[in-house]
Number of protein chains: 2
Amino acid sequence: MIKHEDTSQTSIIERATDYTPPRSLSHWFIGRPLQTADAPHQTIGKAIGLAVFASDALSSTAYATQEIMVILAAAGTMAFGYVFPISLAIVALMTIVTISYEQTIHAYPGGGGAYIVARDNLGEAPAQIAGAALLTDYILTVAVSIAAGVAQITSAYPELFPYRVWMSVIAVFLIMLINLRGVKESGMAFSIPTYFFIVMLCVTVGTGLIRYFTGTLGVVVDPPHLEVESVVAAITPFLLLHAFSSGTAALTGIEAISNGITAFKEPRSHNAGITLIWMAVILATLFLSISFLANHIGAIPSESETVISQLGRTVFGGRGIAYLMVISATTVILIMAANTAFADFPRLSALAAADGFLPRQLTFRGSRLVYSNGIITLSIIASILIIIFKASVSLLIPLYAIGVFLSFTLSQTGMARRWWKIGHLKQGQEIVEQGSTLKYEPGWKYKMLINGFGALCTAVVMVIFAATKFREGAWVVLIIIPLLVKIFFTIHHHYQDLASNLSLDTFSGLPARQTRHRVILPVSAIHQGALVALRYAKLLSDDVTVVHVSLDPAETEKVQKRWKRWGEGTRLVILDSPYRLFIEPLLAYIEDIVESSQPNETMTIIVPQFIPSKRWHYALHLRTADVLRQELLSKPGVVVTDIPYHVSKKKK
Amino acid sequence: MIKHEDTSQTSIIERATDYTPPRSLSHWFIGRPLQTADAPHQTIGKAIGLAVFASDALSSTAYATQEIMVILAAAGTMAFGYVFPISLAIVALMTIVTISYEQTIHAYPGGGGAYIVARDNLGEAPAQIAGAALLTDYILTVAVSIAAGVAQITSAYPELFPYRVWMSVIAVFLIMLINLRGVKESGMAFSIPTYFFIVMLCVTVGTGLIRYFTGTLGVVVDPPHLEVESVVAAITPFLLLHAFSSGTAALTGIEAISNGITAFKEPRSHNAGITLIWMAVILATLFLSISFLANHIGAIPSESETVISQLGRTVFGGRGIAYLMVISATTVILIMAANTAFADFPRLSALAAADGFLPRQLTFRGSRLVYSNGIITLSIIASILIIIFKASVSLLIPLYAIGVFLSFTLSQTGMARRWWKIGHLKQGQEIVEQGSTLKYEPGWKYKMLINGFGALCTAVVMVIFAATKFREGAWVVLIIIPLLVKIFFTIHHHYQDLASNLSLDTFSGLPARQTRHRVILPVSAIHQGALVALRYAKLLSDDVTVVHVSLDPAETEKVQKRWKRWGEGTRLVILDSPYRLFIEPLLAYIEDIVESSQPNETMTIIVPQFIPSKRWHYALHLRTADVLRQELLSKPGVVVTDIPYHVSKKKK
């Protein structure tokens with residue numbers, strides 16, 4: 001398969017033919033391997049793009065209204081009148097953010113997530129803050145969406161409640177498998193349920209609104225019991241802001257498209273921008289309609305039955321086929337919303353890894369051209385969160401959304417900064433900055449204003465969120481994000497040190513040739529294995545010293561006698577070890593030589609190692625080579641080699 | 001410290017000065033290291049010998065009577081009349097075994113445990129059966145004695161009952177530490193409690209017997225409730241044999257001295273023999289007295305209060321100082337009885353390891369001249385048993401004693417065989433067999449009869465034990481012992497194969513010098529680390545091939561460009577890897593060369609490895625060298641070396 005060199009070589013650089021991996025079990029799970037050259041074809045159109053990137057944003061309509069009501073419930077059912085006004089405020093915020101991100105998509109056709117925009121316009125530290133915020137949030141998106149989806153199932157089938165944690169973990173695992181297959185196929189797999197959800201919700205709120213305006217809607221039959229504190233709170237501005245904060249969960253996921261522009265078919269920016277606007281319109285319509293109807297049918301926020309479920313059975317008059325279709329569509333979209341994070345987390349971590357802020361392993365693309373390490377990392381952390389928080393949405397929600405608004409703010413601040421720079425260029429002037437070309441644009445003031453206003457709004461919302469949800473868990477995120485940023489920079493410094501250590505730019509070549517290559521060969525007895533090792537040692541250098549640590553005088557006597565017969569005149573040093581230690585005297589001897597050696601000397605320690613035919617046989621031997629390698633790792637100029645000696649069952 | 005070679009060497013064999021280990025924390029726990037030359041001084045006299053080797057045998061008086069009563073209880077309190085006759089039968093058996101072992105001690109002054117006697121006189125298989133039986137039993141001795149000792153404490157202080165398992169494990173750990181210090185110091189540490197126990201028990205049974213014969217003893221006040229089946233069984237021969245089997249636990253430990261003769265001061269056999277007889281007399285006296293009194297005071301066998309405790313408070317008229325001294329002496333002797341096993345298990349396993357039936361590591365003596373690996377192995381297995389059986393004596397007892405009687409039988413059969421051989425020598429003739437000298441002795445017939453009768457008796461008892469206790473757990477031992485024997489022989493065959501592979505006896509020397517030494521150096525990029533590795537590679541051979549696996553065309557381009565500048569004319573092979581795999585194409589390339597190479601060729605794979613200054617940095621790099629070494633271990637003629645490249649914080 002590989003044409004390796006023959007004697008008539010013409011160049012010092014050769015190429016060998018390609019390596020094709022053999023078939024294996026993993027192909028059955030994630031599909032046959034794809035070549036690197038296959039990459040550009042793996043892009044998607046607007047319709048599939050909406051399914052892949054919108055499921056997170058759209059699915060939040062399933063719980064955003066309910067989350068507003070949960071907070072207002074503290075002031076009694078009277079307070080539910082504020083649900084619709086608060087929803088209107090959230091939709092206004094959504095509009096600002098959408099317009100702001102639409103500008104980003106056109107400015108960054110190569111993918112303009114908060115990380116890239118902050119990096120290119122604000123610098124390294126804000127970029128890493130944005131990165132930490134986004135990665136945290138992607139993980140929470142998976143945990144919250146899966147937990148909320150499973151909660152739908154368990155509210156319809158309460159007997160499954162005890163299994164909710166394992167149901168959630170299995171769901172994470174299945175989505176992981178789908179994503180390890182690659183983005184296009186997962187797009188196909190996800191578009192049917194996404195569109196099914198959009199259709200079912202439109203039918204539900206459409207029917208609901210018609211019945212409301214024709215006066216036939218009525219109220220929820222047998223609503224769940226309202227779970228409130230014994231003392232009813234007053235309707236304070238804090239309470240309203242708190243409810244607003246909870247409702248802003250509806251905005252999570254809106255930035256997904258700007259991160260994933262490169263997944264779209266050309267013209268990328270155009271397709272991605274249109275998809276973003278579609279998504280925002282559908283999201284706003286569904287969210288407002290649900291909030292409006294939920295208030296009018298007297299829905300009660302509850303752990304035992306979701307608001308969507310109450311709405312469904314009121315609109316369709318009971319738990320019939322239509323109701324079950326709404327519930328199952330909601331369940332599926334929630335579970336699949338996690339897929340958005342599966343599209344973005346690996347992409348962002350690969351980006352940060354390529355910049356040297358995360359382990360390099362995250363940049364490797366697996367056999368199906370996806371960032372397999374990132375996908376697997378996300379699955380594991382999200383599963384751990386689900387297990388810790390027992391798949392409870394209400395425990396997870398306060399951790400959620402701070403990261404989103406932090407990244408919104410950084411991204412839009414970065415965009416505003418960019419417009420300001422563009423505005424201060426001369427007409428026709430072009431500058432290349434951080435790899436992207438900036439060129440004067442006449443409308444820069446207007447665009448800067450939009451992004452700047454967006455940044456201001458999202459910053460205010462972030463502060464409100466942190467303040468109102470601090471005690472419920474937001475403090476955890478306020479610790480984790482700075483900690484992650486610290487870790488990112490620690491990793492970065494390591495890679496920078498490494499690069500400066502390895503750099504050839506200011507390198508003047510290695511010192512003159514080694515003056516001496518010593519080879520040390522420790523032996524416990526003189527046998528065929530020792531002779532094979534001696535043969536190898538003499539192949540490496542003429543300067544070979546064989547060392548025997550004497551634990552037992554009788555054995556040492558035998559070694560000395562045999563050495564005269566078999567030693568080929570090689571020098572043998574016997575180290576007496578009255579305390580019966582083996583490794584320590586050897587190390588002391590080696591260290592002694594290292595200390596007294598010249599800088600240009602190299603030393604190789606050759607350790608004979610039996611390679612038995614069966615694995616358990618290792619238990620019957622000392623792993624001397626491993627111990628020596630570990631101990632001598634820190635000594636410059638010392639190399640440890642184990643020379644394998646194969647032990648066959650019967651010697652021929 | 002080490003005078004290593006200078007240029008004016010006169011001989012090819014040198015000796016370096018001794019290595020003394022530096023002080024470390026472990027010295028505080030187990031004492032300063034001892035030199036091998038210190039070994040012969042570590043012997044003990046008769047008085048300390050009794051303390052070290054008799055604690056196991058003597059401590060069984062604390063539970064043997066009770067174990068007989070537990071079985072008889074099935075037939076109601078009426079059956080307790082059989083306790084004394086059964087005890088007499090056991091003492092008769094004890095006498096036979098003692099006389100038989102006294103002969104062994106004189107015949108084997110170098111240590112005559114069942115293993116050695118069986119090996120020298122019956123052959124390999126019986127020796128391994130004896131070894132398996134003894135090792136199993138030593139482990140059980142530790143588990144049973146510790147559990148019984150802790151049971152004494154928890155019967156005096158029931159509030160400690162929930163902590164019994166951890167109390168037992170801690171006790172095992174403490175005894176392990178004492179034993180890691182070495183036999184003489186542990187002898188000192190153990191003689192006070194052993195003699196305290198002997199004195200306290202003598203005082204107790206003495207007072208008890210005087211009060212019985214003066215008619216002032218009375219019966220147990222407020223005895224524990226008798227725990228029996230609802231249906232009272234008949235007194236059948238099976239029941240009596242079953243009770244007898246349980247009582248034979250009194251014989252366990254009687255062989256300890258014959259295993260440990262070398263620990264005695266000279267004249268060894270004489271001292272050891274006298275110690276054995278002392279021990280048997282004390283044991284028989286205490287056991288008979290306790291059985292006699294227990295029956296007469298109406299003691300009831302119970303989990304909540306031991307028979308010794310009932311005896312103590314009846315004799316001393318309540319739970320006063322004298323009672324507490326008896327209980328504490330019993331507790332301590334039981335816990336310390338485990339020490340006998342700690343003296344013998346490591347010695348026997350080192351013996352079996354030296355014969356190649358157990359891993360060689362067991363023959364190494366630690367810094368204090370004791371077989372540290374054996375001591376630690378025993379502690380771990382015994383602790384696991386204690387945890388599994390929840391420190392319950394009644395669950396452990398049925399596993400116990402089969403092994404003892406099996407080894408008694410083999411040992412005495414071996415002795416009988418030996419006398420037979422001696423009897424068939426001519427007067428004055430001497431033969432050397434298995435390293436020991438056999439010489440005609442006139443009284444051989446009488447001695448053969450004694451050992452033969454002992455063997456018969458113990459064989460019968462073993463069968464009775466196995467039959468009566470089979471369902472309670474004896475079956476486990478009947479599976480484990482053959483299994484161990486199988487494992488011993490499997491290990492033995494491995495070492496035999498290895499020895500025949502390595503042997504130089506029929507070896508005609510290695511084939512002619514290697515025709516070719518190829519060196520392969522995989523690099524991912526051309527940097528200082530790669531150049532250091534290249535320099536090393538060229539030190540080893542002129543036949544160096546550098547291999548780059550191409551994952552990213554841009555990186556490969558850079559590698560090719562830099563190679564022209566830095567490659568020193570060395571051949572570079574680029575392996576295209578369209579599926580982005582790294583290890584697999586490299587392995588395929590290497591295997592391809594190996595398959596087409598001549599038998600006399602050697603190949604060394606050099607893998608550059610970063611050695612970062614901090615341990616966690618490893619997480620940021622691939623462990624390519626480790627993976628390659630693992631994969632190529634099975635290829636003959638291939639050596640994998642990792643050349644360390646040290647990454648400092650700031651490059652000078």
# chains A, B, ... in the order shown; residues from 1 in each chain; ligands from 1
>>> select_by_dssp(residues="stretch 106-245 of chain A", states="alpha helix (DSSP H)", output="VMD selection string")
chain A and resid 106 to 107 114 to 121 124 to 156 164 to 181 183 to 213 237 to 245
>>> interface_residues(of="chain B", to="chain A", cutoff="6 Å", atoms="only C-alpha atoms", output="number ranges by chain")
B: 12-16, 18-19, 35-36, 359, 501-504, 527-528, 540, 571-579, 585, 620, 639, 641, 643, 651
>>> residues_around(residues="A:Trp444", least_positions_apart="6", cutoff="7 Å", atoms="only C-alpha atoms", output="count of residues only")
3
>>> residues_around(residues="B:Ile68", least_positions_apart="3", cutoff="10 Å", atoms="only C-alpha atoms", output="list of chain:residue names")
B:Tyr63, B:Ala64, B:Thr65, B:Ile71, B:Leu72, B:Ala73, B:Phe80, B:Tyr82, B:Val83, B:Phe84, B:Ile86, B:Ser87, B:Leu240, B:Leu241, B:His242, B:Ala243, B:Phe244, B:Ser245, B:Ser246, B:Gly247, B:Thr248, B:Ala249, B:Ser291, B:Pro301
>>> write_last_selection(atoms="N, CA and C atoms", output="compact mmCIF listing (two decimals), in the first residue's frame")
# COMPACT_ATOMS: atom_id res chain seq x y z
N TYR B 63 -12.33 -18.90 71.63
CA TYR B 63 -13.57 -19.16 70.91
C TYR B 63 -13.85 -20.65 70.66
N ALA B 64 -12.85 -21.54 70.86
CA ALA B 64 -13.06 -22.95 70.50
C ALA B 64 -14.23 -23.57 71.28
N THR B 65 -14.27 -23.36 72.60
CA THR B 65 -15.35 -23.91 73.42
C THR B 65 -16.71 -23.40 72.94
N ILE B 71 -22.81 -25.32 67.98
CA ILE B 71 -23.35 -26.43 67.19
C ILE B 71 -24.28 -27.29 68.06
N LEU B 72 -23.83 -27.59 69.28
CA LEU B 72 -24.64 -28.43 70.17
C LEU B 72 -25.97 -27.78 70.53
N ALA B 73 -25.99 -26.45 70.53
CA ALA B 73 -27.20 -25.71 70.90
C ALA B 73 -28.40 -26.12 70.06
N PHE B 80 -25.24 -29.75 76.01
CA PHE B 80 -23.99 -29.13 76.45
C PHE B 80 -23.15 -30.07 77.32
N TYR B 82 -22.04 -32.68 76.36
CA TYR B 82 -21.02 -33.27 75.49
C TYR B 82 -19.81 -32.37 75.28
N VAL B 83 -19.86 -31.13 75.79
CA VAL B 83 -18.76 -30.19 75.55
C VAL B 83 -17.43 -30.74 76.07
N PHE B 84 -17.45 -31.23 77.30
CA PHE B 84 -16.19 -31.68 77.89
C PHE B 84 -15.63 -32.93 77.18
N ILE B 86 -16.06 -33.88 74.11
CA ILE B 86 -15.56 -33.47 72.80
C ILE B 86 -14.23 -32.75 72.96
N SER B 87 -14.12 -31.91 74.00
CA SER B 87 -12.88 -31.19 74.23
C SER B 87 -11.74 -32.15 74.52
N LEU B 240 -22.57 -34.47 66.77
CA LEU B 240 -21.38 -34.51 67.62
C LEU B 240 -20.11 -34.30 66.79
N LEU B 241 -20.05 -34.91 65.60
CA LEU B 241 -18.89 -34.72 64.73
C LEU B 241 -18.80 -33.27 64.25
N HIS B 242 -19.98 -32.70 63.98
CA HIS B 242 -20.04 -31.30 63.56
C HIS B 242 -19.47 -30.40 64.67
N ALA B 243 -19.88 -30.66 65.91
CA ALA B 243 -19.39 -29.88 67.04
C ALA B 243 -17.88 -30.09 67.22
N PHE B 244 -17.45 -31.34 67.03
CA PHE B 244 -16.03 -31.67 67.13
C PHE B 244 -15.24 -30.87 66.07
N SER B 245 -15.76 -30.83 64.84
CA SER B 245 -15.11 -30.08 63.77
C SER B 245 -14.91 -28.63 64.17
N SER B 246 -15.98 -28.03 64.70
CA SER B 246 -15.88 -26.63 65.10
C SER B 246 -14.82 -26.44 66.17
N GLY B 247 -14.74 -27.40 67.09
CA GLY B 247 -13.76 -27.30 68.17
C GLY B 247 -12.32 -27.43 67.70
N THR B 248 -12.12 -28.12 66.56
CA THR B 248 -10.74 -28.30 66.08
C THR B 248 -10.09 -26.97 65.73
N ALA B 249 -10.85 -25.90 65.69
CA ALA B 249 -10.24 -24.58 65.51
C ALA B 249 -9.17 -24.34 66.57
N SER B 291 -13.64 -25.41 78.86
CA SER B 291 -14.77 -26.26 78.46
C SER B 291 -15.46 -26.85 79.71
N PRO B 301 -23.87 -20.12 74.52
CA PRO B 301 -23.16 -19.51 73.38
C PRO B 301 -24.04 -18.45 72.73
>>> residues_around(residues="A:Thr306", least_positions_apart="4", cutoff="12 Å", atoms="only C-alpha atoms", output="PyMOL selection string")
chain A and resi 61-67+69-70+148-156+223-224+294+299-302+310-313+327+330-331+393
>>> write_last_selection(atoms="C-alpha atoms", output="mmCIF file, in the first residue's frame")
data_model
loop_
_atom_site.group_PDB
_atom_site.id
_atom_site.type_symbol
_atom_site.label_atom_id
_atom_site.label_comp_id
_atom_site.auth_asym_id
_atom_site.auth_seq_id
_atom_site.Cartn_x
_atom_site.Cartn_y
_atom_site.Cartn_z
ATOM 1 C CA THR A 61 -41.298 29.598 23.667
ATOM 2 C CA ALA A 62 -42.142 26.340 25.430
ATOM 3 C CA TYR A 63 -41.013 27.685 28.804
ATOM 4 C CA ALA A 64 -40.396 31.475 28.613
ATOM 5 C CA THR A 65 -44.038 32.444 29.353
ATOM 6 C CA GLN A 66 -44.205 29.937 32.196
ATOM 7 C CA GLU A 67 -40.958 31.280 33.715
ATOM 8 C CA MET A 69 -45.590 33.535 35.500
ATOM 9 C CA VAL A 70 -43.595 31.521 38.082
ATOM 10 C CA ALA A 148 -37.283 20.663 29.879
ATOM 11 C CA GLY A 149 -38.046 18.174 27.133
ATOM 12 C CA VAL A 150 -37.985 15.251 29.502
ATOM 13 C CA ALA A 151 -40.178 17.285 31.907
ATOM 14 C CA GLN A 152 -42.831 17.461 29.164
ATOM 15 C CA ILE A 153 -42.804 13.679 28.875
ATOM 16 C CA THR A 154 -42.965 13.163 32.626
ATOM 17 C CA SER A 155 -45.844 15.648 32.986
ATOM 18 C CA ALA A 156 -47.796 13.624 30.404
ATOM 19 C CA PRO A 223 -55.971 23.851 36.546
ATOM 20 C CA PRO A 224 -53.008 22.745 38.675
ATOM 21 C CA ALA A 294 -51.997 31.937 28.729
ATOM 22 C CA ALA A 299 -53.207 29.181 33.054
ATOM 23 C CA ILE A 300 -51.319 28.456 36.280
ATOM 24 C CA PRO A 301 -47.513 27.935 36.263
ATOM 25 C CA SER A 302 -46.775 24.551 37.845
ATOM 26 C CA GLN A 310 -52.760 23.728 29.767
ATOM 27 C CA LEU A 311 -53.025 25.872 26.652
ATOM 28 C CA GLY A 312 -53.207 22.832 24.379
ATOM 29 C CA ARG A 313 -56.023 21.095 26.220
ATOM 30 C CA ILE A 327 -47.103 18.010 23.503
ATOM 31 C CA THR A 330 -42.851 20.503 22.084
ATOM 32 C CA THR A 331 -41.023 17.607 23.708
ATOM 33 C CA VAL A 393 -35.218 22.920 34.898
#
>>> decode(residues="stretch 388-399 of chain A", atoms="all heavy atoms", output="PDB file, in the first residue's frame")
ATOM      1  N   ILE A 388     -26.116  16.131  38.382  1.00  0.00           N
ATOM      2  CA  ILE A 388     -25.997  16.934  39.607  1.00  0.00           C
ATOM      3  C   ILE A 388     -27.314  17.632  39.932  1.00  0.00           C
ATOM      4  O   ILE A 388     -27.783  17.605  41.072  1.00  0.00           O
ATOM      5  CB  ILE A 388     -24.867  17.974  39.474  1.00  0.00           C
ATOM      6  CG1 ILE A 388     -23.499  17.292  39.441  1.00  0.00           C
ATOM      7  CG2 ILE A 388     -24.928  18.991  40.628  1.00  0.00           C
ATOM      8  CD1 ILE A 388     -22.350  18.238  39.200  1.00  0.00           C
ATOM      9  N   PHE A 389     -27.926  18.263  38.921  1.00  0.00           N
ATOM     10  CA  PHE A 389     -29.145  19.041  39.162  1.00  0.00           C
ATOM     11  C   PHE A 389     -30.399  18.187  39.008  1.00  0.00           C
ATOM     12  O   PHE A 389     -31.497  18.705  38.897  1.00  0.00           O
ATOM     13  CB  PHE A 389     -29.196  20.250  38.238  1.00  0.00           C
ATOM     14  CG  PHE A 389     -28.209  21.323  38.628  1.00  0.00           C
ATOM     15  CD1 PHE A 389     -26.947  21.384  38.048  1.00  0.00           C
ATOM     16  CD2 PHE A 389     -28.532  22.264  39.594  1.00  0.00           C
ATOM     17  CE1 PHE A 389     -26.033  22.357  38.417  1.00  0.00           C
ATOM     18  CE2 PHE A 389     -27.625  23.245  39.971  1.00  0.00           C
ATOM     19  CZ  PHE A 389     -26.373  23.286  39.384  1.00  0.00           C
ATOM     20  N   LYS A 390     -30.227  16.863  38.977  1.00  0.00           N
ATOM     21  CA  LYS A 390     -31.342  15.909  38.912  1.00  0.00           C
ATOM     22  C   LYS A 390     -32.353  16.258  37.812  1.00  0.00           C
ATOM     23  O   LYS A 390     -33.559  16.111  37.983  1.00  0.00           O
ATOM     24  CB  LYS A 390     -32.045  15.830  40.268  1.00  0.00           C
ATOM     25  CG  LYS A 390     -31.117  15.402  41.396  1.00  0.00           C
ATOM     26  CD  LYS A 390     -31.915  14.888  42.583  1.00  0.00           C
ATOM     27  CE  LYS A 390     -30.990  14.359  43.661  1.00  0.00           C
ATOM     28  NZ  LYS A 390     -30.305  15.453  44.390  1.00  0.00           N
ATOM     29  N   ALA A 391     -31.857  16.765  36.668  1.00  0.00           N
ATOM     30  CA  ALA A 391     -32.685  17.074  35.508  1.00  0.00           C
ATOM     31  C   ALA A 391     -33.816  18.047  35.855  1.00  0.00           C
ATOM     32  O   ALA A 391     -34.887  17.995  35.251  1.00  0.00           O
ATOM     33  CB  ALA A 391     -33.238  15.784  34.873  1.00  0.00           C
ATOM     34  N   SER A 392     -33.588  18.954  36.814  1.00  0.00           N
ATOM     35  CA  SER A 392     -34.621  19.928  37.180  1.00  0.00           C
ATOM     36  C   SER A 392     -34.377  21.258  36.473  1.00  0.00           C
ATOM     37  O   SER A 392     -33.344  21.901  36.669  1.00  0.00           O
ATOM     38  CB  SER A 392     -34.609  20.138  38.696  1.00  0.00           C
ATOM     39  OG  SER A 392     -35.171  21.392  39.007  1.00  0.00           O
ATOM     40  N   VAL A 393     -35.356  21.670  35.651  1.00  0.00           N
ATOM     41  CA  VAL A 393     -35.218  22.920  34.898  1.00  0.00           C
ATOM     42  C   VAL A 393     -35.135  24.101  35.854  1.00  0.00           C
ATOM     43  O   VAL A 393     -34.336  25.025  35.666  1.00  0.00           O
ATOM     44  CB  VAL A 393     -36.400  23.100  33.928  1.00  0.00           C
ATOM     45  CG1 VAL A 393     -36.256  24.394  33.145  1.00  0.00           C
ATOM     46  CG2 VAL A 393     -36.472  21.922  32.976  1.00  0.00           C
ATOM     47  N   SER A 394     -35.969  24.091  36.901  1.00  0.00           N
ATOM     48  CA  SER A 394     -36.008  25.267  37.783  1.00  0.00           C
ATOM     49  C   SER A 394     -34.699  25.478  38.528  1.00  0.00           C
ATOM     50  O   SER A 394     -34.362  26.604  38.883  1.00  0.00           O
ATOM     51  CB  SER A 394     -37.175  25.160  38.773  1.00  0.00           C
ATOM     52  OG  SER A 394     -37.405  23.826  39.114  1.00  0.00           O
ATOM     53  N   LEU A 395     -33.910  24.396  38.758  1.00  0.00           N
ATOM     54  CA  LEU A 395     -32.603  24.571  39.389  1.00  0.00           C
ATOM     55  C   LEU A 395     -31.569  25.066  38.383  1.00  0.00           C
ATOM     56  O   LEU A 395     -30.616  25.769  38.746  1.00  0.00           O
ATOM     57  CB  LEU A 395     -32.123  23.253  40.012  1.00  0.00           C
ATOM     58  CG  LEU A 395     -32.895  22.763  41.231  1.00  0.00           C
ATOM     59  CD1 LEU A 395     -32.395  21.396  41.677  1.00  0.00           C
ATOM     60  CD2 LEU A 395     -32.779  23.765  42.378  1.00  0.00           C
ATOM     61  N   LEU A 396     -31.746  24.722  37.113  1.00  0.00           N
ATOM     62  CA  LEU A 396     -30.758  25.083  36.100  1.00  0.00           C
ATOM     63  C   LEU A 396     -30.964  26.499  35.568  1.00  0.00           C
ATOM     64  O   LEU A 396     -29.995  27.177  35.211  1.00  0.00           O
ATOM     65  CB  LEU A 396     -30.817  24.090  34.928  1.00  0.00           C
ATOM     66  CG  LEU A 396     -30.212  22.697  35.177  1.00  0.00           C
ATOM     67  CD1 LEU A 396     -30.695  21.705  34.124  1.00  0.00           C
ATOM     68  CD2 LEU A 396     -28.692  22.766  35.163  1.00  0.00           C
ATOM     69  N   ILE A 397     -32.234  26.953  35.502  1.00  0.00           N
ATOM     70  CA  ILE A 397     -32.572  28.224  34.838  1.00  0.00           C
ATOM     71  C   ILE A 397     -31.778  29.421  35.382  1.00  0.00           C
ATOM     72  O   ILE A 397     -31.291  30.249  34.596  1.00  0.00           O
ATOM     73  CB  ILE A 397     -34.114  28.464  34.899  1.00  0.00           C
ATOM     74  CG1 ILE A 397     -34.777  27.783  33.687  1.00  0.00           C
ATOM     75  CG2 ILE A 397     -34.490  29.923  34.981  1.00  0.00           C
ATOM     76  CD1 ILE A 397     -34.677  28.533  32.386  1.00  0.00           C
ATOM     77  N   PRO A 398     -31.574  29.558  36.714  1.00  0.00           N
ATOM     78  CA  PRO A 398     -30.855  30.756  37.183  1.00  0.00           C
ATOM     79  C   PRO A 398     -29.399  30.813  36.713  1.00  0.00           C
ATOM     80  O   PRO A 398     -28.794  31.884  36.712  1.00  0.00           O
ATOM     81  CB  PRO A 398     -30.924  30.643  38.706  1.00  0.00           C
ATOM     82  CG  PRO A 398     -32.060  29.746  38.976  1.00  0.00           C
ATOM     83  CD  PRO A 398     -32.087  28.781  37.844  1.00  0.00           C
ATOM     84  N   LEU A 399     -28.800  29.665  36.321  1.00  0.00           N
ATOM     85  CA  LEU A 399     -27.435  29.685  35.809  1.00  0.00           C
ATOM     86  C   LEU A 399     -27.408  30.170  34.356  1.00  0.00           C
ATOM     87  O   LEU A 399     -26.364  30.581  33.840  1.00  0.00           O
ATOM     88  CB  LEU A 399     -26.819  28.285  35.840  1.00  0.00           C
ATOM     89  CG  LEU A 399     -26.846  27.505  37.145  1.00  0.00           C
ATOM     90  CD1 LEU A 399     -26.107  26.188  36.965  1.00  0.00           C
ATOM     91  CD2 LEU A 399     -26.196  28.303  38.250  1.00  0.00           C
TER      92      LEU A 399
END
